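Here is my_file_1.cif, consisting of mmCIF, C-alpha atoms (C1' of nucleotides) and all ligand atoms:
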data_work
#
loop_
_atom_site.label_atom_id
_atom_site.label_comp_id
_atom_site.auth_asym_id
_atom_site.auth_seq_id
_atom_site.Cartn_x
_atom_site.Cartn_y
_atom_site.Cartn_z
CA MET A 1 0.00 0.00 0.00
CA ALA A 2 2.12 2.83 -1.20
CA HIS A 3 0.87 4.01 -4.56
CA GLU A 4 -2.23 6.19 -4.56
CA LEU A 5 -4.03 3.69 -6.77
CA HIS A 6 -3.33 0.92 -4.28
CA GLU A 7 -4.62 3.10 -1.52
CA LYS A 8 -7.92 3.24 -3.35
CA GLY A 9 -7.98 -0.53 -3.70
CA LEU A 10 -7.19 -0.47 -7.41
CA ARG A 11 -4.61 -2.42 -9.33
CA LEU A 12 -1.80 -0.45 -10.76
CA THR A 13 -1.63 -0.85 -14.50
CA PRO A 14 0.30 1.36 -16.90
CA GLN A 15 -2.92 2.27 -18.68
CA ARG A 16 -4.61 3.34 -15.50
CA GLU A 17 -1.70 5.42 -14.35
CA LEU A 18 -1.45 7.06 -17.73
CA VAL A 19 -5.12 7.91 -17.85
CA LEU A 20 -4.90 9.51 -14.43
CA SER A 21 -1.86 11.57 -15.27
CA ALA A 22 -3.34 12.59 -18.61
CA VAL A 23 -6.41 13.93 -16.82
CA ARG A 24 -4.17 15.78 -14.40
CA SER A 25 -2.05 17.35 -17.07
CA LEU A 26 -4.92 18.29 -19.38
CA GLY A 27 -7.00 20.37 -16.98
CA HIS A 28 -10.26 19.34 -18.51
CA ALA A 29 -10.51 16.85 -21.27
CA THR A 30 -12.93 14.62 -23.09
CA PRO A 31 -12.34 10.85 -23.10
CA GLU A 32 -11.12 11.20 -26.66
CA GLU A 33 -8.59 13.84 -25.65
CA VAL A 34 -7.42 11.73 -22.74
CA ALA A 35 -6.91 8.81 -25.10
CA GLU A 36 -4.94 10.94 -27.50
CA LYS A 37 -2.68 12.16 -24.73
CA VAL A 38 -2.11 8.66 -23.40
CA ARG A 39 -1.25 7.43 -26.88
CA SER A 40 1.81 9.64 -26.97
CA THR A 41 3.38 7.27 -24.44
CA HIS A 42 1.34 4.13 -24.91
CA PRO A 43 0.13 4.03 -28.51
CA GLY A 44 -1.78 0.79 -28.20
CA ILE A 45 -4.31 1.90 -25.59
CA ASN A 46 -7.89 1.19 -26.49
CA LEU A 47 -10.62 3.79 -26.20
CA SER A 48 -12.77 1.49 -24.13
CA THR A 49 -9.92 1.12 -21.66
CA VAL A 50 -9.89 4.88 -21.31
CA TYR A 51 -13.63 5.01 -20.73
CA ARG A 52 -13.44 2.20 -18.20
CA ASN A 53 -10.59 3.78 -16.31
CA LEU A 54 -12.22 7.17 -16.22
CA GLU A 55 -15.25 5.55 -14.67
CA THR A 56 -13.18 3.56 -12.20
CA LEU A 57 -11.13 6.59 -11.20
CA GLU A 58 -14.29 8.58 -10.77
CA ASN A 59 -15.76 5.89 -8.53
CA VAL A 60 -12.84 6.15 -6.13
CA GLY A 61 -12.86 9.92 -6.21
CA LEU A 62 -9.64 10.61 -8.07
CA VAL A 63 -11.33 12.25 -11.06
CA LEU A 64 -14.65 13.99 -11.67
CA HIS A 65 -16.64 14.88 -14.71
CA THR A 66 -18.39 18.10 -15.57
CA HIS A 67 -20.55 19.25 -18.45
CA LEU A 68 -19.19 22.22 -20.30
CA GLY A 69 -21.18 22.03 -23.51
CA HIS A 70 -24.35 20.63 -25.00
CA GLY A 71 -22.96 17.15 -25.31
CA GLY A 72 -20.52 14.78 -23.65
CA ALA A 73 -18.63 15.15 -20.40
CA THR A 74 -15.17 16.40 -19.63
CA TYR A 75 -12.92 15.03 -16.93
CA HIS A 76 -10.96 16.79 -14.21
CA ALA A 77 -8.55 15.73 -11.56
CA ALA A 78 -10.60 15.75 -8.38
CA GLU A 79 -8.20 17.94 -6.41
CA GLU A 80 -8.22 20.54 -9.13
CA LEU A 81 -11.93 21.28 -9.38
CA THR A 82 -11.79 24.56 -7.53
CA HIS A 83 -13.46 26.94 -9.95
CA LEU A 84 -16.69 27.55 -11.79
CA HIS A 85 -16.77 27.25 -15.55
CA LEU A 86 -18.29 30.17 -17.40
CA VAL A 87 -19.13 28.93 -20.86
CA CYS A 88 -20.05 31.41 -23.58
CA SER A 89 -23.01 30.34 -25.70
CA ASP A 90 -21.79 32.51 -28.54
CA CYS A 91 -18.06 31.95 -28.98
CA GLY A 92 -17.62 28.86 -26.82
CA ALA A 93 -14.97 30.43 -24.63
CA ILE A 94 -14.53 28.78 -21.25
CA GLY A 95 -13.78 31.22 -18.46
CA ASP A 96 -13.16 30.54 -14.79
CA ALA A 97 -14.48 32.08 -11.63
CA PRO A 98 -13.77 31.14 -8.04
CA ILE A 99 -16.32 28.89 -6.39
CA ASP A 100 -16.84 31.57 -3.77
CA ALA A 101 -18.64 33.64 -6.37
CA ALA A 102 -21.50 31.19 -5.91
CA ALA A 103 -21.35 30.95 -2.13
CA ASN A 104 -24.42 33.07 -1.47
CA PHE A 105 -26.41 31.32 -4.12
CA VAL A 106 -25.49 27.94 -2.68
CA ASN A 107 -26.49 29.11 0.79
CA THR A 108 -29.81 30.42 -0.44
CA LEU A 109 -30.70 27.11 -2.04
CA SER A 110 -29.63 25.28 1.07
CA ASP A 111 -31.60 27.51 3.43
CA ASP A 112 -34.74 27.83 1.35
CA TYR A 113 -34.96 24.40 -0.28
CA GLY A 114 -32.61 22.16 1.65
CA PHE A 115 -30.82 21.61 -1.64
CA LYS A 116 -27.05 21.00 -1.43
CA THR A 117 -25.65 22.39 -4.65
CA ASP A 118 -22.59 21.16 -6.48
CA VAL A 119 -21.89 24.22 -8.61
CA THR A 120 -19.12 22.62 -10.62
CA HIS A 121 -20.95 19.69 -12.17
CA PHE A 122 -22.64 21.80 -14.82
CA ALA A 123 -21.08 24.84 -16.38
CA ILE A 124 -22.51 28.30 -15.88
CA TYR A 125 -23.87 29.21 -19.27
CA GLY A 126 -24.27 32.62 -20.83
CA LEU A 127 -22.48 35.34 -22.77
CA CYS A 128 -18.87 36.25 -22.12
CA ALA A 129 -18.03 39.93 -21.74
CA LYS A 130 -16.75 40.20 -25.30
CA CYS A 131 -19.81 38.61 -26.91
CA ALA A 132 -22.21 40.49 -24.64
CA GLU A 133 -20.71 43.75 -25.82
CA LYS A 134 -20.75 42.67 -29.44
CA ASN A 135 -24.45 41.81 -29.13
CA ASP A 136 -25.25 45.14 -27.51
CA GLN A 137 -23.58 47.02 -30.32
CA LYS A 138 -25.44 45.07 -32.94
CA LYS A 139 -28.73 45.78 -31.20
CA ARG A 140 -28.00 49.49 -31.14
CA THR A 141 -27.01 49.53 -34.81
CA ASP A 142 -30.08 47.54 -35.82
CA GLY A 143 -32.21 49.99 -33.90
CA LYS A 144 -30.88 52.95 -35.86
CA THR A 145 -31.08 51.16 -39.19
CA LYS A 146 -34.69 50.09 -38.92
CA MET B 1 -49.55 36.69 -41.48
CA ALA B 2 -51.79 35.54 -38.73
CA HIS B 3 -50.52 32.30 -37.29
CA GLU B 4 -47.59 32.53 -34.89
CA LEU B 5 -45.54 30.24 -37.13
CA HIS B 6 -46.10 32.55 -40.09
CA GLU B 7 -45.07 35.48 -37.96
CA LYS B 8 -41.74 33.75 -37.49
CA GLY B 9 -41.37 33.21 -41.19
CA LEU B 10 -42.06 29.49 -41.01
CA ARG B 11 -44.40 27.37 -43.05
CA LEU B 12 -47.33 25.96 -41.23
CA THR B 13 -47.38 22.20 -41.40
CA PRO B 14 -49.40 19.88 -39.21
CA GLN B 15 -46.20 18.27 -37.95
CA ARG B 16 -44.69 21.56 -36.92
CA GLU B 17 -47.79 22.72 -35.15
CA LEU B 18 -48.09 19.42 -33.32
CA VAL B 19 -44.47 19.48 -32.20
CA LEU B 20 -44.91 22.96 -30.82
CA SER B 21 -48.07 22.15 -28.95
CA ALA B 22 -46.57 18.92 -27.63
CA VAL B 23 -43.65 20.87 -26.16
CA ARG B 24 -46.09 23.32 -24.63
CA SER B 25 -48.24 20.68 -23.06
CA LEU B 26 -45.40 18.52 -21.79
CA GLY B 27 -43.53 21.07 -19.67
CA HIS B 28 -40.16 19.61 -20.37
CA ALA B 29 -39.64 16.73 -22.72
CA THR B 30 -37.02 14.86 -24.66
CA PRO B 31 -37.33 14.63 -28.45
CA GLU B 32 -38.49 11.05 -27.99
CA GLU B 33 -41.22 12.14 -25.60
CA VAL B 34 -42.32 14.87 -27.94
CA ALA B 35 -42.53 12.35 -30.75
CA GLU B 36 -44.61 10.01 -28.64
CA LYS B 37 -47.03 12.79 -27.76
CA VAL B 38 -47.37 13.88 -31.36
CA ARG B 39 -48.03 10.33 -32.45
CA SER B 40 -51.26 10.27 -30.46
CA THR B 41 -52.70 12.61 -33.09
CA HIS B 42 -50.43 12.03 -36.03
CA PRO B 43 -49.13 8.46 -35.85
CA GLY B 44 -46.99 8.65 -38.93
CA ILE B 45 -44.62 11.38 -37.79
CA ASN B 46 -40.97 10.56 -38.21
CA LEU B 47 -38.47 11.07 -35.40
CA SER B 48 -36.19 13.08 -37.64
CA THR B 49 -39.06 15.43 -38.40
CA VAL B 50 -39.41 16.00 -34.68
CA TYR B 51 -35.69 16.71 -34.30
CA ARG B 52 -35.72 19.07 -37.26
CA ASN B 53 -38.74 20.95 -36.02
CA LEU B 54 -37.39 21.29 -32.52
CA GLU B 55 -34.30 22.85 -33.99
CA THR B 56 -36.28 25.14 -36.27
CA LEU B 57 -38.59 26.23 -33.48
CA GLU B 58 -35.61 26.89 -31.27
CA ASN B 59 -33.99 29.02 -33.98
CA VAL B 60 -36.98 31.34 -34.06
CA GLY B 61 -37.26 31.46 -30.30
CA LEU B 62 -40.46 29.53 -29.73
CA VAL B 63 -38.80 26.70 -27.81
CA LEU B 64 -35.61 26.29 -25.82
CA HIS B 65 -33.60 23.37 -24.61
CA THR B 66 -32.02 22.76 -21.25
CA HIS B 67 -29.81 20.02 -19.81
CA LEU B 68 -31.27 18.28 -16.82
CA GLY B 69 -29.10 15.19 -16.72
CA HIS B 70 -25.79 13.78 -17.87
CA GLY B 71 -26.99 13.21 -21.39
CA GLY B 72 -29.41 14.59 -23.95
CA ALA B 73 -31.44 17.78 -23.89
CA THR B 74 -35.00 18.49 -22.91
CA TYR B 75 -37.23 21.04 -24.58
CA HIS B 76 -39.39 23.77 -23.13
CA ALA B 77 -41.80 26.27 -24.50
CA ALA B 78 -39.86 29.52 -24.52
CA GLU B 79 -42.47 31.50 -22.60
CA GLU B 80 -42.56 28.93 -19.86
CA LEU B 81 -38.92 28.86 -18.81
CA THR B 82 -39.37 30.78 -15.61
CA HIS B 83 -37.73 28.56 -13.04
CA LEU B 84 -34.45 26.93 -12.13
CA HIS B 85 -34.17 23.18 -12.20
CA LEU B 86 -32.73 21.56 -9.12
CA VAL B 87 -31.63 18.08 -10.10
CA CYS B 88 -30.70 15.55 -7.43
CA SER B 89 -27.59 13.55 -8.20
CA ASP B 90 -28.77 10.77 -5.95
CA CYS B 91 -32.44 10.11 -6.70
CA GLY B 92 -32.80 12.06 -9.92
CA ALA B 93 -35.66 14.18 -8.61
CA ILE B 94 -36.18 17.44 -10.48
CA GLY B 95 -37.21 20.33 -8.25
CA ASP B 96 -37.99 23.91 -9.18
CA ALA B 97 -36.94 27.21 -7.74
CA PRO B 98 -37.78 30.72 -8.92
CA ILE B 99 -35.19 32.36 -11.12
CA ASP B 100 -34.96 35.14 -8.55
CA ALA B 101 -33.16 32.75 -6.24
CA ALA B 102 -30.18 33.23 -8.56
CA ALA B 103 -30.51 36.99 -9.02
CA ASN B 104 -27.60 37.92 -6.76
CA PHE B 105 -25.38 35.28 -8.27
CA VAL B 106 -26.20 36.51 -11.76
CA ASN B 107 -25.44 40.08 -10.74
CA THR B 108 -22.14 39.11 -9.18
CA LEU B 109 -20.98 37.39 -12.36
CA SER B 110 -22.11 40.34 -14.42
CA ASP B 111 -20.40 42.92 -12.21
CA ASP B 112 -17.17 41.04 -11.63
CA TYR B 113 -16.68 39.25 -14.95
CA GLY B 114 -19.01 40.93 -17.41
CA PHE B 115 -20.59 37.52 -17.86
CA LYS B 116 -24.32 37.48 -18.67
CA THR B 117 -25.62 34.27 -17.18
CA ASP B 118 -28.49 32.19 -18.46
CA VAL B 119 -29.24 30.19 -15.34
CA THR B 120 -31.80 27.94 -16.96
CA HIS B 121 -29.73 26.35 -19.70
CA PHE B 122 -28.05 23.91 -17.36
CA ALA B 123 -29.69 22.42 -14.32
CA ILE B 124 -28.49 23.21 -10.82
CA TYR B 125 -27.01 19.94 -9.66
CA GLY B 126 -26.71 18.59 -6.15
CA LEU B 127 -28.55 16.70 -3.43
CA CYS B 128 -32.24 17.19 -2.76
CA ALA B 129 -33.29 17.74 0.86
CA LYS B 130 -34.40 14.13 1.25
CA CYS B 131 -31.20 12.60 -0.07
CA ALA B 132 -29.01 15.09 1.80
CA GLU B 133 -30.63 14.03 5.05
CA LYS B 134 -30.33 10.36 4.18
CA ASN B 135 -26.62 10.82 3.51
CA ASP B 136 -26.09 12.66 6.78
CA GLN B 137 -27.71 9.87 8.75
CA LYS B 138 -25.62 7.26 7.05
CA LYS B 139 -22.47 9.20 7.82
CA ARG B 140 -23.40 9.43 11.48
CA THR B 141 -24.20 5.72 11.66
CA ASP B 142 -20.98 4.77 9.93
CA GLY B 143 -19.10 6.93 12.37
CA LYS B 144 -20.47 5.04 15.38
CA THR B 145 -19.98 1.64 13.78
CA LYS B 146 -16.35 2.12 12.88
"C1'" DT C 1 -56.58 29.66 -58.58
"C1'" DA C 2 -53.14 27.09 -61.41
"C1'" DG C 3 -47.95 26.70 -61.74
"C1'" DG C 4 -43.77 26.72 -60.03
"C1'" DA C 5 -40.24 27.89 -56.58
"C1'" DT C 6 -39.06 26.61 -52.15
"C1'" DC C 7 -39.57 24.31 -48.04
"C1'" DT C 8 -40.73 20.06 -45.48
"C1'" DT C 9 -41.40 15.27 -44.78
"C1'" DG C 10 -40.54 10.25 -44.54
"C1'" DC C 11 -37.37 6.83 -45.06
"C1'" DA C 12 -33.03 4.64 -45.09
"C1'" DA C 13 -28.36 4.96 -44.26
"C1'" DA C 14 -24.58 7.23 -41.83
"C1'" DT C 15 -22.42 9.11 -37.74
"C1'" DT C 16 -21.14 9.76 -33.14
"C1'" DA C 17 -20.37 8.58 -28.63
"C1'" DC C 18 -20.43 5.07 -25.82
"C1'" DT C 19 -21.01 0.28 -23.87
"C1'" DC C 20 -20.57 -4.80 -23.64
"C1'" DG C 21 -18.95 -9.80 -24.09
"C1'" DC C 22 -15.25 -12.40 -24.28
"C1'" DA C 23 -10.77 -14.58 -24.34
"C1'" DA C 24 -5.97 -13.56 -23.53
"C1'" DG C 25 -2.85 -11.07 -20.58
"C1'" DA C 26 -1.44 -8.72 -16.29
"C1'" DA C 27 -1.41 -7.95 -11.26
"C1'" DC C 28 -1.42 -9.37 -6.73
"C1'" DA C 29 -1.83 -12.24 -2.49
"C1'" DA C 30 -0.39 -16.27 -0.59
"C1'" DT D 1 5.64 -19.86 -8.07
"C1'" DT D 2 0.88 -20.39 -8.65
"C1'" DG D 3 -4.00 -19.61 -8.64
"C1'" DT D 4 -7.45 -16.12 -8.31
"C1'" DT D 5 -9.20 -11.99 -9.70
"C1'" DC D 6 -8.90 -7.92 -12.26
"C1'" DT D 7 -7.85 -5.54 -16.57
"C1'" DT D 8 -7.07 -5.04 -21.40
"C1'" DG D 9 -7.77 -5.20 -26.44
"C1'" DC D 10 -10.78 -6.16 -29.83
"C1'" DG D 11 -14.93 -6.67 -32.18
"C1'" DA D 12 -19.62 -6.15 -32.11
"C1'" DG D 13 -23.61 -3.83 -30.31
"C1'" DT D 14 -26.49 0.31 -28.79
"C1'" DA D 15 -28.64 4.64 -28.41
"C1'" DA D 16 -29.17 9.15 -29.89
"C1'" DT D 17 -28.96 12.15 -33.40
"C1'" DT D 18 -27.90 13.62 -38.29
"C1'" DT D 19 -27.90 13.51 -43.22
"C1'" DG D 20 -29.06 12.63 -48.39
"C1'" DC D 21 -32.55 12.26 -51.23
"C1'" DA D 22 -36.82 11.95 -53.74
"C1'" DA D 23 -41.68 12.66 -53.13
"C1'" DG D 24 -45.09 15.67 -51.18
"C1'" DA D 25 -46.89 20.05 -49.15
"C1'" DT D 26 -47.02 24.97 -48.64
"C1'" DC D 27 -47.09 29.47 -50.38
"C1'" DC D 28 -46.28 33.14 -53.58
"C1'" DT D 29 -47.36 35.14 -57.87
"C1'" DA D 30 -49.23 36.21 -61.90
MN MN E 201 -27.37 23.02 -24.64
MN MN E 202 -22.84 14.44 -15.31
ZN ZN E 203 -18.20 34.65 -26.08
ZN ZN E 204 -32.61 13.13 -4.18
#
Would you give me this structure, written as structure tokens?
Amino acid sequence: MAHELHEKGLRLTPQRELVLSAVRSLGHATPEEVAEKVRSTHPGINLSTVYRNLETLENVGLVLHTHLGHGGATYHAAEELTHLHLVCSDCGAIGDAPIDAAANFVNTLSDDYGFKTDVTHFAIYGLCAKCAEKNDQKKRTDGKTK
Amino acid sequence: MAHELHEKGLRLTPQRELVLSAVRSLGHATPEEVAEKVRSTHPGINLSTVYRNLETLENVGLVLHTHLGHGGATYHAAEELTHLHLVCSDCGAIGDAPIDAAANFVNTLSDDYGFKTDVTHFAIYGLCAKCAEKNDQKKRTDGKTK
DNA sequence: TAGGATCTTGCAAATTACTCGCAAGAACAA
DNA sequence: TTGTTCTTGCGAGTAATTTGCAAGATCCTA
């Protein structure tokens, strides 16, 4: 019992270690991106092995998934999920904000509804500053033109 | 130019009208559920017609989609999206809360990051009151047992 | 109000993103 | 070592959604 995977009761395989370190080095990544990263060291790895290891690692709490877009999930190292994701519906940019920005909101939901929010599982969706400004300008121009 | 679909520049077909009214009557529904509803009146409708019309109706602002779970999207009538969705990670229950509950949060993100949040596109994810309590009890029991 | 341009539908096939069954190949405890 | 149990690669299987296309419907226009 020395390696962190052993501590979680998992066998230590090269594939599993590589998947974990790929997730850690990528920040957030889709299974496909994790596979691609792993292949740079271990070309033979199968996609289903990646999927299975992501699930296993999530079960023991070493990685987590979040939803940043309309489809699929992206994976994070568990210890690194310390920010909100602000996803722009217009340009797709992914910004960060500290979790504290949601502290009051989380407390409100807890106090009023007994609901214990995990603010990181889904992204916060909307318009980034740049796109919001762009849209405002267009609206003003359209107004004059009409 | 009388019918609301004409006002949006769309042709009025029975399928399109039925998809729209199915979305309106269902509250929130997956494409599959919309199709099933439409089939009660128009058995022959094809699933791809439902998908295409949901997209078209969303483009002109009559319907919207949100993400309530890990996969797929669910559709709403645009005028009816007036609440947050509180989705329980444990039991899957979908609760509602008024959008106002997020007003401060939305303002914070706007003031500090210039980010204009759409709080309804993704669900708010976490533990419902029931499951949160259940988990607490289990933790206390486990503590004594160990 | 017929005729034609344009849009929409149904149907079948294609795609995408996963998931599963299985036999061979590790990993680990004894 | 050796046997048990877990993990991997591989191929096939699903589920959800998308696309190409030809036939059919809607709407505009003369
Ligand atoms: Mn979406
Ligand atoms: Mn999820
Ligand atoms: Zn943007
Ligand atoms: Zn629950």
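The chain A residues that come within 8 Å of chain B are A:His67, A:His70, A:Gly71, A:Gly72, A:Ala73, A:Leu86, A:Ala101, A:Ala102, A:Asn104, A:Phe105, A:Thr108, A:Leu109, A:Tyr113, A:Gly114, A:Phe115, A:Lys116, A:Thr117, A:Asp118, A:Val119, A:His121, A:Phe122, A:Ala123, A:Ile124, A:Tyr125, A:Gly126, A:Leu127, A:Cys128, A:Ala129, A:Ala132, with all atoms listed in the file taken into account.
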* Asked: Counting all atoms listed in the file, which residues come within 9 Å of (-22.2, 6.9, -29.8), with the point read in the file's coordinates, and could you list them as a PyMOL selection string?
  -> (chain C and resi 15-19) or (chain D and resi 14-16)
* Separation of atom CA of A:Leu10 and atom C1' of C:DC28, in Å? -> 10.6 Å
* Asked: What separation in Å, quoted to one decimal, exists between atom CA of B:Ile45 and atom C1' of C:DG3?
  -> 28.6 Å
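Computed from the coordinates, the atom CA of B:Leu5 to atom CA of B:Gly44 distance equals 21.7 Å.
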* To do: Name the residues, using the chain letters and numbers of the file, that sit within 10 Å of (-1.6, 10.5, -17.7) when counting all atoms listed in the file, and give them as a PyMOL selection string.
  => chain A and resi 14-26+34-35+37-41
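The residues of chain A lying at most 8 Å from chain D, with all atoms listed in the file taken into account, are Arg11, Ile45, Asn46 and Thr49 of chain A.
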* Quick one: residues within 12 Å of B:Gly61, all atoms listed in the file counted, chain neighbours fewer than 2 positions away excluded, as a VMD selection string? -> chain B and resid 4 to 5 7 to 10 20 54 to 59 63 to 65 75 to 81
As an mmCIF file with C-alpha atoms (C1' of nucleotides), in the coordinates of the input, could you give me every residue of chain C near chain B (at most 12 Å apart, counting only C-alpha atoms (C1' of nucleotides))?
data_model
loop_
_atom_site.group_PDB
_atom_site.id
_atom_site.type_symbol
_atom_site.label_atom_id
_atom_site.label_comp_id
_atom_site.auth_asym_id
_atom_site.auth_seq_id
_atom_site.Cartn_x
_atom_site.Cartn_y
_atom_site.Cartn_z
ATOM 1 C "C1'" DT C 6 -39.060 26.610 -52.150
ATOM 2 C "C1'" DC C 7 -39.570 24.310 -48.040
ATOM 3 C "C1'" DT C 8 -40.730 20.060 -45.480
ATOM 4 C "C1'" DT C 9 -41.400 15.270 -44.780
ATOM 5 C "C1'" DG C 10 -40.540 10.250 -44.540
ATOM 6 C "C1'" DC C 11 -37.370 6.830 -45.060
ATOM 7 C "C1'" DA C 12 -33.030 4.640 -45.090
ATOM 8 C "C1'" DA C 17 -20.370 8.580 -28.630
ATOM 9 C "C1'" DC C 18 -20.430 5.070 -25.820
#
Fix up stretch 96-104 of chain B with all heavy atoms, then write it as a compact mmCIF listing (two decimals), keeping the file's coordinate frame.
# COMPACT_ATOMS: atom_id res chain seq x y z
N ASP B 96 -37.99 22.58 -8.58
CA ASP B 96 -37.99 23.91 -9.18
C ASP B 96 -37.64 24.95 -8.13
O ASP B 96 -37.88 24.76 -6.95
CB ASP B 96 -39.39 24.24 -9.71
CG ASP B 96 -39.68 23.49 -11.00
OD1 ASP B 96 -38.79 22.77 -11.47
OD2 ASP B 96 -40.82 23.62 -11.51
N ALA B 97 -37.12 26.04 -8.60
CA ALA B 97 -36.94 27.21 -7.74
C ALA B 97 -37.10 28.43 -8.63
O ALA B 97 -36.77 28.37 -9.82
CB ALA B 97 -35.57 27.19 -7.08
N PRO B 98 -37.61 29.52 -8.09
CA PRO B 98 -37.78 30.72 -8.92
C PRO B 98 -36.43 31.24 -9.39
O PRO B 98 -35.42 31.10 -8.69
CB PRO B 98 -38.45 31.72 -7.97
CG PRO B 98 -38.19 31.20 -6.60
CD PRO B 98 -38.08 29.72 -6.72
N ILE B 99 -36.43 31.83 -10.56
CA ILE B 99 -35.19 32.36 -11.12
C ILE B 99 -34.58 33.40 -10.19
O ILE B 99 -33.36 33.55 -10.11
CB ILE B 99 -35.44 32.95 -12.51
CG1 ILE B 99 -35.69 31.79 -13.49
CG2 ILE B 99 -34.27 33.78 -12.99
CD1 ILE B 99 -35.68 32.19 -14.93
N ASP B 100 -35.43 34.10 -9.46
CA ASP B 100 -34.96 35.14 -8.55
C ASP B 100 -33.95 34.60 -7.54
O ASP B 100 -33.10 35.35 -7.07
CB ASP B 100 -36.13 35.74 -7.78
CG ASP B 100 -37.05 36.52 -8.70
OD1 ASP B 100 -36.60 36.85 -9.82
OD2 ASP B 100 -38.20 36.79 -8.31
N ALA B 101 -34.09 33.33 -7.21
CA ALA B 101 -33.16 32.75 -6.24
C ALA B 101 -31.71 32.91 -6.71
O ALA B 101 -30.78 32.86 -5.92
CB ALA B 101 -33.49 31.28 -6.02
N ALA B 102 -31.54 33.10 -8.02
CA ALA B 102 -30.18 33.23 -8.56
C ALA B 102 -29.82 34.67 -8.88
O ALA B 102 -28.72 34.93 -9.38
CB ALA B 102 -30.05 32.38 -9.82
N ALA B 103 -30.70 35.61 -8.58
CA ALA B 103 -30.51 36.99 -9.02
C ALA B 103 -29.18 37.57 -8.55
O ALA B 103 -28.43 38.16 -9.34
CB ALA B 103 -31.67 37.86 -8.55
N ASN B 104 -28.86 37.36 -7.27
CA ASN B 104 -27.60 37.92 -6.76
C ASN B 104 -26.39 37.30 -7.44
O ASN B 104 -25.44 37.99 -7.79
CB ASN B 104 -27.49 37.67 -5.25
CG ASN B 104 -28.38 38.64 -4.48
OD1 ASN B 104 -28.61 39.75 -4.93
ND2 ASN B 104 -28.87 38.19 -3.34
